[in-house]
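What follows is the content of data.tsv, which has TSV, C-alpha atoms:
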chain	number	residue	atom	x	y	z
A	120	MET	CA	21.10	-33.76	17.05
A	121	GLY	CA	18.86	-32.93	20.02
A	122	ALA	CA	19.69	-29.23	19.77
A	123	ILE	CA	19.87	-29.02	15.99
A	124	VAL	CA	16.39	-30.35	15.22
A	125	PRO	CA	14.54	-27.68	17.26
A	126	LEU	CA	16.71	-25.03	15.58
A	127	PHE	CA	15.61	-26.19	12.13
A	128	MET	CA	12.00	-26.41	13.34
A	129	ALA	CA	12.15	-22.74	14.26
A	130	LEU	CA	13.21	-21.90	10.71
A	131	ALA	CA	10.19	-23.65	9.23
A	132	ALA	CA	8.09	-20.61	8.37
A	133	HIS	CA	8.42	-19.83	4.72
A	134	PRO	CA	6.01	-17.12	3.64
A	135	LEU	CA	7.41	-14.40	1.43
A	136	HIS	CA	7.73	-11.33	3.65
A	137	THR	CA	7.68	-8.57	1.11
A	138	THR	CA	6.00	-5.20	0.57
A	139	LEU	CA	5.81	-3.12	-2.58
A	140	THR	CA	6.01	0.69	-2.45
A	141	GLN	CA	5.33	2.69	-5.59
A	142	LEU	CA	6.23	6.36	-5.97
A	143	ALA	CA	4.32	8.29	-8.62
A	144	TYR	CA	4.97	11.92	-9.48
A	145	ARG	CA	1.81	14.00	-9.94
A	146	ASP	CA	2.40	16.82	-12.41
A	147	PRO	CA	-0.70	18.89	-11.63
A	148	ASP	CA	0.28	19.66	-8.04
A	149	HIS	CA	4.00	18.76	-8.13
A	150	SER	CA	3.61	16.11	-5.48
A	151	VAL	CA	4.57	12.49	-5.03
A	152	GLU	CA	1.96	9.87	-4.27
A	153	VAL	CA	3.24	6.89	-2.31
A	154	THR	CA	1.28	3.66	-2.49
A	155	VAL	CA	2.34	0.84	-0.20
A	156	ARG	CA	1.08	-2.70	-0.78
A	157	VAL	CA	1.33	-4.90	2.29
A	158	PHE	CA	-0.24	-8.22	3.19
A	159	ALA	CA	-3.09	-7.53	5.60
A	160	ASP	CA	-2.17	-10.32	8.03
A	161	ASP	CA	1.45	-9.07	8.24
A	162	PHE	CA	0.29	-5.51	8.84
A	163	ARG	CA	-2.20	-6.51	11.50
A	164	ALA	CA	0.54	-8.50	13.20
A	165	VAL	CA	2.98	-5.61	13.29
A	166	LEU	CA	0.37	-3.17	14.56
A	167	ALA	CA	-0.77	-5.70	17.18
A	168	ARG	CA	-4.25	-4.15	16.95
A	169	ASP	CA	-7.04	-3.51	14.48
A	170	VAL	CA	-5.92	-1.78	11.31
A	171	THR	CA	-7.51	1.66	11.56
A	172	ASP	CA	-6.57	4.71	9.51
A	173	SER	CA	-4.89	6.40	12.46
A	174	ALA	CA	-2.90	3.31	13.47
A	175	ALA	CA	-1.85	2.62	9.88
A	176	ALA	CA	-0.85	6.24	9.26
A	177	ALA	CA	1.17	6.43	12.46
A	178	TYR	CA	3.06	3.21	11.70
A	179	LEU	CA	3.68	4.18	8.09
A	180	ARG	CA	5.09	7.56	9.10
A	181	SER	CA	7.51	5.81	11.44
A	182	ALA	CA	8.64	3.21	8.89
A	183	PHE	CA	8.68	5.26	5.68
A	184	THR	CA	10.82	8.34	5.15
A	185	LEU	CA	11.31	10.55	2.15
A	186	THR	CA	13.98	13.27	2.20
A	187	ASP	CA	14.84	15.98	-0.29
A	188	ARG	CA	18.21	16.61	-1.91
A	189	ALA	CA	19.32	18.64	1.12
A	190	GLY	CA	18.51	15.77	3.45
A	191	GLN	CA	15.41	17.41	4.89
A	192	PRO	CA	12.48	15.06	5.51
A	193	LEU	CA	9.41	15.74	3.39
A	194	ALA	CA	6.13	16.14	5.26
A	195	VAL	CA	3.86	13.27	4.28
A	196	VAL	CA	0.08	13.34	4.47
A	197	TRP	CA	-2.07	10.26	4.91
A	198	CYS	CA	-4.46	9.78	2.00
A	199	GLY	CA	-6.28	6.62	3.00
A	200	MET	CA	-6.22	2.87	2.49
A	201	LYS	CA	-8.23	0.15	0.82
A	202	ARG	CA	-8.21	-3.63	0.88
A	203	THR	CA	-8.32	-6.04	-2.06
A	204	GLY	CA	-8.14	-9.72	-1.17
A	205	ASP	CA	-5.14	-10.38	1.07
A	206	LEU	CA	-3.61	-7.01	0.32
A	207	LEU	CA	-3.82	-3.57	1.95
A	208	TRP	CA	-3.08	-0.50	-0.17
A	209	LEU	CA	-1.84	2.40	1.96
A	210	CYS	CA	-1.49	5.93	0.57
A	211	LEU	CA	0.73	8.89	1.48
A	212	ARG	CA	1.34	12.17	-0.34
A	213	ALA	CA	4.14	14.73	-0.11
A	214	ALA	CA	4.98	17.94	-1.92
A	215	ALA	CA	7.90	17.39	-4.33
A	216	PRO	CA	8.38	20.53	-6.40
A	217	GLY	CA	11.68	19.31	-7.82
A	218	GLY	CA	10.36	15.96	-9.00
A	219	LEU	CA	11.40	12.50	-7.85
A	220	SER	CA	14.97	12.40	-9.08
A	221	GLY	CA	17.48	12.85	-6.25
A	222	LEU	CA	15.00	12.25	-3.45
A	223	ARG	CA	16.10	9.74	-0.84
A	224	VAL	CA	13.75	7.06	0.41
A	225	ARG	CA	13.83	4.55	3.23
A	226	VAL	CA	11.25	1.80	3.73
A	227	ALA	CA	11.63	-0.05	7.03
A	228	LEU	CA	8.18	-1.64	7.02
A	229	LEU	CA	7.84	-4.81	9.10
A	230	PHE	CA	11.57	-4.98	9.93
A	231	ASP	CA	10.47	-4.99	13.57
A	232	ARG	CA	8.40	-8.10	12.83
A	233	TYR	CA	10.28	-10.31	10.34
A	234	GLU	CA	14.00	-11.01	10.03
A	235	ASP	CA	13.66	-11.88	6.34
A	236	GLN	CA	11.54	-8.87	5.40
A	237	ILE	CA	12.39	-7.30	2.02
A	238	ASN	CA	10.74	-4.08	0.90
A	239	ILE	CA	10.66	-3.20	-2.79
A	240	VAL	CA	10.37	0.36	-4.07
A	241	GLN	CA	9.38	1.19	-7.64
A	242	ALA	CA	9.44	4.60	-9.30
A	243	ILE	CA	9.49	6.10	-12.77
A	244	LEU	CA	12.28	8.64	-13.26
A	245	GLU	CA	12.25	10.57	-16.54
A	246	GLY	CA	10.42	7.72	-18.24
A	247	ARG	CA	12.76	5.08	-16.82
A	248	ARG	CA	11.51	2.48	-14.32
A	249	VAL	CA	13.83	2.00	-11.35
A	250	ALA	CA	13.64	-0.22	-8.29
A	251	LEU	CA	15.24	-0.36	-4.85
A	252	LEU	CA	15.36	-3.17	-2.32
A	253	PHE	CA	15.45	-2.62	1.44
A	254	THR	CA	16.49	-5.23	3.97
A	255	HIS	CA	17.32	-5.04	7.67
A	256	GLY	CA	19.84	-2.33	8.50
A	257	ASP	CA	19.59	-0.48	5.19
A	258	ALA	CA	19.88	3.30	5.33
A	259	SER	CA	18.02	5.63	2.98
A	260	LYS	CA	18.80	5.29	-0.74
A	261	PRO	CA	18.65	7.85	-3.54
A	262	LEU	CA	16.17	7.61	-6.39
A	263	SER	CA	18.45	7.80	-9.40
B	63	MET	CA	18.87	-0.97	-10.03
B	64	SER	CA	16.59	-2.13	-12.82
B	65	GLU	CA	13.27	-3.72	-11.93
B	66	LEU	CA	14.37	-7.08	-13.32
B	67	ALA	CA	17.55	-7.02	-11.25
B	68	ALA	CA	15.49	-6.21	-8.15
B	69	TYR	CA	13.25	-9.24	-8.66
B	70	VAL	CA	16.20	-11.51	-9.47
B	71	SER	CA	17.79	-10.34	-6.23
B	72	LEU	CA	14.52	-10.94	-4.37
B	73	GLY	CA	14.35	-14.54	-5.61
B	74	PHE	CA	18.01	-15.21	-4.90
B	75	ARG	CA	17.76	-13.84	-1.36
B	76	HIS	CA	14.57	-15.79	-0.76
B	77	ILE	CA	16.03	-19.18	-1.65
B	78	THR	CA	19.35	-18.61	0.12
B	79	ASP	CA	17.80	-17.17	3.30
B	80	LEU	CA	17.76	-19.53	6.26
B	81	GLU	CA	14.09	-18.66	6.69
B	82	ALA	CA	13.51	-20.56	3.43
B	83	MET	CA	14.81	-23.72	5.02
B	84	ASP	CA	12.07	-25.87	3.47
B	85	HIS	CA	13.39	-25.23	-0.05
B	86	ILE	CA	16.97	-25.73	1.11
B	87	LEU	CA	16.17	-29.03	2.79
B	88	PHE	CA	14.25	-30.21	-0.27
B	89	LEU	CA	17.33	-29.62	-2.41
B	90	LEU	CA	19.48	-31.37	0.18
B	91	ALA	CA	17.12	-34.37	0.12
B	92	LEU	CA	17.19	-34.46	-3.68
B	93	ALA	CA	20.99	-34.35	-3.70
B	94	ALA	CA	21.46	-36.84	-0.86
B	95	ILE	CA	21.72	-39.95	-3.06
B	96	TYR	CA	24.30	-38.64	-5.50
B	97	ARG	CA	28.06	-38.93	-5.54
B	98	PRO	CA	30.28	-36.52	-7.47
B	99	ARG	CA	30.49	-39.00	-10.36
B	100	ASP	CA	26.65	-38.97	-10.60
B	101	TRP	CA	26.65	-35.33	-11.66
B	102	ARG	CA	24.69	-36.09	-14.85
B	103	HIS	CA	21.82	-37.59	-12.83
B	104	SER	CA	21.78	-34.70	-10.39
B	105	LEU	CA	21.79	-32.27	-13.31
B	106	TRP	CA	18.69	-33.96	-14.75
B	107	VAL	CA	16.92	-33.75	-11.42
B	108	VAL	CA	17.78	-30.07	-10.91
B	109	THR	CA	16.75	-29.29	-14.49
B	110	ALA	CA	13.42	-31.05	-13.89
B	111	PHE	CA	12.96	-29.06	-10.71
B	112	THR	CA	13.57	-25.89	-12.75
B	113	VAL	CA	11.04	-27.01	-15.37
B	114	GLY	CA	8.51	-27.52	-12.57
B	115	HIS	CA	9.15	-24.01	-11.32
B	116	SER	CA	8.82	-22.59	-14.83
B	117	LEU	CA	5.58	-24.47	-15.44
B	118	THR	CA	4.10	-22.98	-12.31
B	119	LEU	CA	5.36	-19.60	-13.47
B	120	ALA	CA	3.47	-19.90	-16.75
B	121	LEU	CA	0.32	-21.19	-15.08
B	122	ALA	CA	0.44	-18.43	-12.48
B	123	VAL	CA	0.87	-15.73	-15.12
B	124	THR	CA	-2.15	-16.97	-17.06
B	125	GLY	CA	-4.19	-17.48	-13.90
B	126	ALA	CA	-4.77	-21.11	-14.90
B	127	LEU	CA	-3.53	-22.36	-11.54
B	128	VAL	CA	-4.92	-20.96	-8.33
B	129	LEU	CA	-4.34	-23.10	-5.26
B	130	PRO	CA	-5.03	-22.04	-1.69
B	131	THR	CA	-1.80	-20.92	-0.02
B	132	ARG	CA	-2.55	-23.01	3.08
B	133	VAL	CA	-2.79	-26.18	1.00
B	134	ILE	CA	0.45	-25.39	-0.84
B	135	GLU	CA	2.27	-24.62	2.41
B	136	PHE	CA	1.11	-28.00	3.68
B	137	LEU	CA	2.09	-29.86	0.50
B	138	ILE	CA	5.63	-28.45	0.43
B	139	PRO	CA	6.87	-30.35	3.52
B	140	LEU	CA	5.04	-33.44	2.26
B	141	THR	CA	7.12	-33.32	-0.94
B	142	ILE	CA	10.23	-33.24	1.24
B	143	VAL	CA	9.08	-36.22	3.29
B	144	ALA	CA	8.21	-38.13	0.11
B	145	THR	CA	11.66	-37.43	-1.34
B	146	CYS	CA	13.31	-38.67	1.86
B	147	VAL	CA	11.16	-41.81	1.93
B	148	GLU	CA	12.08	-42.52	-1.68
B	149	ASN	CA	15.75	-42.06	-0.79
B	150	LEU	CA	15.41	-44.58	2.04
B	151	VAL	CA	13.19	-47.17	0.36
B	152	VAL	CA	14.96	-47.49	-3.00
B	153	ARG	CA	18.28	-49.15	-2.18
B	154	ASP	CA	19.19	-50.44	-5.62
B	155	ARG	CA	18.28	-47.93	-8.29
B	156	GLN	CA	19.34	-50.23	-11.12
B	157	ARG	CA	16.47	-52.54	-10.11
B	158	ALA	CA	13.97	-49.78	-9.43
B	159	LEU	CA	11.22	-48.60	-11.79
B	160	TRP	CA	12.75	-47.29	-15.04
B	161	ARG	CA	16.14	-48.04	-13.41
B	162	GLY	CA	15.51	-45.12	-11.10
B	163	ARG	CA	15.07	-42.67	-13.97
B	164	TYR	CA	11.65	-41.55	-12.74
B	165	ARG	CA	13.35	-39.23	-10.26
B	166	PRO	CA	13.43	-36.20	-12.57
B	167	VAL	CA	9.67	-36.62	-13.06
B	168	PHE	CA	8.84	-36.34	-9.41
B	169	ALA	CA	11.44	-33.60	-8.97
B	170	GLY	CA	9.55	-31.67	-11.66
B	171	VAL	CA	6.16	-32.28	-10.06
B	172	PHE	CA	7.44	-31.37	-6.61
B	173	GLY	CA	9.21	-28.35	-8.08
B	174	SER	CA	5.89	-27.08	-9.39
B	175	VAL	CA	4.42	-27.38	-5.89
B	176	HIS	CA	7.29	-25.38	-4.41
B	177	GLY	CA	6.91	-22.84	-7.21
B	178	ALA	CA	3.20	-22.49	-6.50
B	179	GLY	CA	4.06	-21.53	-2.95
B	180	PHE	CA	5.79	-18.31	-3.93
B	181	ALA	CA	3.65	-17.75	-7.04
B	182	ASN	CA	0.61	-17.22	-4.84
B	183	TYR	CA	2.39	-14.54	-2.82
B	184	LEU	CA	3.76	-12.79	-5.87
B	185	ARG	CA	0.46	-12.88	-7.71
B	186	SER	CA	-1.24	-11.23	-4.73
B	187	LEU	CA	1.41	-8.53	-4.38
B	188	PHE	CA	1.98	-7.79	-8.06
B	189	VAL	CA	-1.62	-8.17	-9.09
B	190	ASP	CA	-1.37	-5.67	-11.96
B	191	GLN	CA	2.17	-6.46	-13.22
B	192	ILE	CA	2.80	-10.14	-12.67
B	193	ALA	CA	5.01	-11.19	-15.62
B	194	LEU	CA	8.28	-9.35	-14.87
B	195	PRO	CA	8.31	-9.97	-11.09
B	196	LEU	CA	7.57	-13.67	-11.54
B	197	PHE	CA	10.17	-14.09	-14.28
B	198	GLY	CA	12.85	-12.23	-12.32
B	199	PHE	CA	11.99	-14.00	-9.09
B	200	ASN	CA	12.19	-17.38	-10.82
B	201	VAL	CA	15.59	-16.57	-12.34
B	202	GLY	CA	16.80	-15.54	-8.87
B	203	ILE	CA	15.43	-18.76	-7.39
B	204	GLU	CA	17.29	-20.85	-9.98
B	205	LEU	CA	20.56	-18.99	-9.38
B	206	GLY	CA	20.08	-19.42	-5.64
B	207	GLN	CA	19.44	-23.13	-6.10
B	208	LEU	CA	22.80	-23.54	-7.81
B	209	VAL	CA	24.47	-21.96	-4.79
B	210	VAL	CA	22.45	-24.12	-2.39
B	211	LEU	CA	23.29	-27.28	-4.35
B	212	ALA	CA	26.99	-26.42	-4.34
B	213	LEU	CA	26.81	-25.97	-0.57
B	214	ALA	CA	24.80	-29.20	-0.25
B	215	ALA	CA	27.53	-31.07	-2.16
B	216	GLY	CA	30.01	-29.71	0.36
B	217	VAL	CA	27.86	-30.77	3.33
B	218	LEU	CA	27.39	-34.26	1.87
B	219	ALA	CA	31.14	-34.59	1.29
B	220	VAL	CA	31.74	-33.73	4.96
B	221	VAL	CA	29.15	-36.30	6.05
B	222	ASP	CA	30.80	-38.92	3.83
B	223	ARG	CA	34.21	-38.11	5.27
B	224	ALA	CA	32.88	-38.38	8.82
B	225	PHE	CA	31.39	-41.81	8.14
B	226	ALA	CA	34.53	-42.96	6.33
B	227	LEU	CA	36.70	-41.94	9.29
B	228	ALA	CA	34.34	-43.48	11.83
B	229	THR	CA	34.05	-46.84	10.11
B	230	VAL	CA	36.06	-48.97	7.72
B	231	ARG	CA	33.51	-49.75	5.06
B	232	PRO	CA	33.35	-49.85	1.27
B	233	SER	CA	32.30	-46.57	-0.32
B	234	GLY	CA	28.86	-47.91	-1.21
B	235	ALA	CA	28.12	-48.52	2.46
B	236	VAL	CA	29.29	-45.01	3.34
B	237	LEU	CA	26.89	-43.62	0.73
B	238	ARG	CA	24.04	-45.67	2.23
B	239	LEU	CA	24.85	-44.38	5.70
B	240	ARG	CA	24.86	-40.84	4.36
B	241	VAL	CA	21.48	-41.33	2.63
B	242	ILE	CA	19.97	-42.72	5.84
B	243	ALA	CA	21.39	-39.97	8.04
B	244	VAL	CA	20.52	-37.03	5.78
B	245	SER	CA	17.11	-38.34	4.70
B	246	GLY	CA	16.11	-39.31	8.22
B	247	PHE	CA	17.13	-35.94	9.60
B	248	VAL	CA	15.37	-33.97	6.86
B	249	ALA	CA	12.24	-36.16	6.96
B	250	LEU	CA	11.91	-35.64	10.71
B	251	ILE	CA	11.93	-31.87	10.35
B	252	ALA	CA	9.64	-31.81	7.30
B	253	ALA	CA	7.11	-34.14	8.95
B	254	ARG	CA	6.91	-31.75	11.88
B	255	TRP	CA	6.36	-28.81	9.49
B	256	ALA	CA	3.59	-30.74	7.74
B	257	MET	CA	1.83	-31.32	11.05
B	258	GLU	CA	2.15	-27.65	11.97
B	259	ARG	CA	0.80	-26.51	8.62
B	260	SER	CA	-1.97	-29.06	8.26
B	261	PRO	CA	-5.19	-27.41	7.09
B	262	PHE	CA	-7.22	-30.33	8.40
Could you render the structure from this file as structure tokens?
Amino acid sequence: MGAIVPLFMALAAHPLHTTLTQLAYRDPDHSVEVTVRVFADDFRAVLARDVTDSAAAAYLRSAFTLTDRAGQPLAVVWCGMKRTGDLLWLCLRAAAPGGLSGLRVRVALLFDRYEDQINIVQAILEGRRVALLFTHGDASKPLS
Amino acid sequence: MSELAAYVSLGFRHITDLEAMDHILFLLALAAIYRPRDWRHSLWVVTAFTVGHSLTLALAVTGALVLPTRVIEFLIPLTIVATCVENLVVRDRQRALWRGRYRPVFAGVFGSVHGAGFANYLRSLFVDQIALPLFGFNVGIELGQLVVLALAAGVLAVVDRAFALATVRPSGAVLRLRVIAVSGFVALIAARWAMERSPF
């Protein structure tokens, strides 16, 4: 009992550790806009510093990858962030001349911070809404 | 994967993850007083818990219920302690209020508190598309609860067996020992969580 109680105590924290990443195809310039919603306190904790544009962009580039059908990573460009309430909205853009279908995505946000982190990805492919879930250890997954 | 399936999976993983130990221990505390032959009572309690979750779901979708997350996170362990205290205090349920049939009511009320805990997070994250994520998440939570309750029944059976082997007692006394052991253990942990999360 003496060892078990502290173990259960350590498991007490129960916030929902989740992010939401939305991929939207932009017809005019054949690009994909990536919007990541993350709780501001979680993001500040993982950065271990103030959330500046440069710090946020650097972390996002390390934790989010988008590859084309040939497996080549797409170059992503930081397009800013905003805050509403508890939530940070982070933005990336990448050229995607072939559309979203067949691209591979990996979202490893906050895996280095929370064991129970789950990252959700949403996209619209040919009018159909699809979703992916990422947990610890997941490799990239195709949008299909 | 469809969006609905993703949110169902999110809810299921959330309730069955060891990090969600407060929900798991609440279910264990609720189940602690029942024997296999009491399955009808336990079904009522679980159903009430589900109704509580669903009520919170509806209130969260309409925005009619907005409670500070810190208060909810503090109330959740208190509901666990209260359930354990009720387990310990009420020895003869036939002589208790409504012959002990009030239990589904408080399971429903406490369920709504637990539901509010995740509703706040989901409402923040899915600010512009709340209905589908909340519905899917709730379905996943309910499916996960069934798994947790099945596991809890197994744990309680092991505890019963251990007490039966350790002592020669009538089955009623073994049940009482089990209620004391499980409720005391869970209450101790939940009380500590409440102190850690106190907003005061």
For chain B versus chain A, which residues have an atom no more than 10 Å away, and what is each residue's nearest atom pair and distance in Å rounded to one decimal, using all atoms listed in the file, chain-then-number order, as a tab-separated table?
residue	atom	partner	partner_atom	distance
B:Met63	CA	A:Ala250	CA	5.6
B:Ser64	CA	A:Val249	CA	5.2
B:Glu65	CA	A:Ala250	CA	5.1
B:Leu66	CA	A:Ala250	CA	8.5
B:Ala67	CA	A:Ala250	CA	8.4
B:Ala68	CA	A:Ala250	CA	6.3
B:Tyr69	CA	A:Ile239	CA	8.8
B:Ser71	CA	A:Leu252	CA	8.5
B:Leu72	CA	A:Ile237	CA	7.7
B:Gly73	CA	A:Leu135	CA	9.9
B:Arg75	CA	A:Asp235	CA	8.9
B:His76	CA	A:Leu135	CA	7.6
B:Ile77	CA	A:His133	CA	9.9
B:Asp79	CA	A:Asp235	CA	7.4
B:Leu80	CA	A:Leu130	CA	6.8
B:Glu81	CA	A:Leu130	CA	5.2
B:Ala82	CA	A:His133	CA	5.3
B:Met83	CA	A:Leu130	CA	6.2
B:Asp84	CA	A:Ala131	CA	6.5
B:His85	CA	A:His133	CA	8.8
B:Leu87	CA	A:Phe127	CA	9.8
B:Thr131	CA	A:Pro134	CA	9.4
B:Glu135	CA	A:His133	CA	8.1
B:Pro139	CA	A:Ala131	CA	9.4
B:Gly179	CA	A:Pro134	CA	8.2
B:Phe180	CA	A:Leu135	CA	6.8
B:Ala181	CA	A:Leu135	CA	9.9
B:Asn182	CA	A:Leu135	CA	9.7
B:Tyr183	CA	A:Leu135	CA	6.6
B:Leu184	CA	A:Leu135	CA	8.3
B:Ser186	CA	A:Leu206	CA	7.0
B:Leu187	CA	A:Arg156	CA	6.9
B:Phe188	CA	A:Leu139	CA	8.2
B:Val189	CA	A:Leu206	CA	9.7
B:Phe247	CA	A:Val124	CA	8.0
B:Val248	CA	A:Val124	CA	9.2
B:Leu250	CA	A:Val124	CA	8.3
B:Ile251	CA	A:Met128	CA	6.2
B:Ala252	CA	A:Ala131	CA	8.4
B:Arg254	CA	A:Met128	CA	7.5
B:Trp255	CA	A:Ala131	CA	6.4
B:Ala256	CA	A:Ala131	CA	9.8
B:Glu258	CA	A:Ala131	CA	9.4
B:Arg259	CA	A:Ala132	CA	9.4
Interatomic distance (Å, one decimal) between atom CA of B:Phe88 and atom CA of B:Ile142: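 Distance reported for this atom pair: 5.3 Å.
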Atomic separation - atom CA of B:Phe172 relative to atom CA of B:Arg157, Å: 23.3 Å
All residues 9 Å or closer to B:Val244, all atoms listed in the file, same chain fewer than 2 positions away omitted, as an MDAnalysis selection string: chainID B and resid 90:91 94 146 218 221 239:242 246:249
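When atom CA of B:Ala214 is paired with atom CA of B:Val107, their separation reads 14.4 Å.
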10 Å contact set for A:Gln191, all atoms listed in the file, chain neighbours under 4 positions out, as a ChimeraX atom specification: /A:185-187,222-223
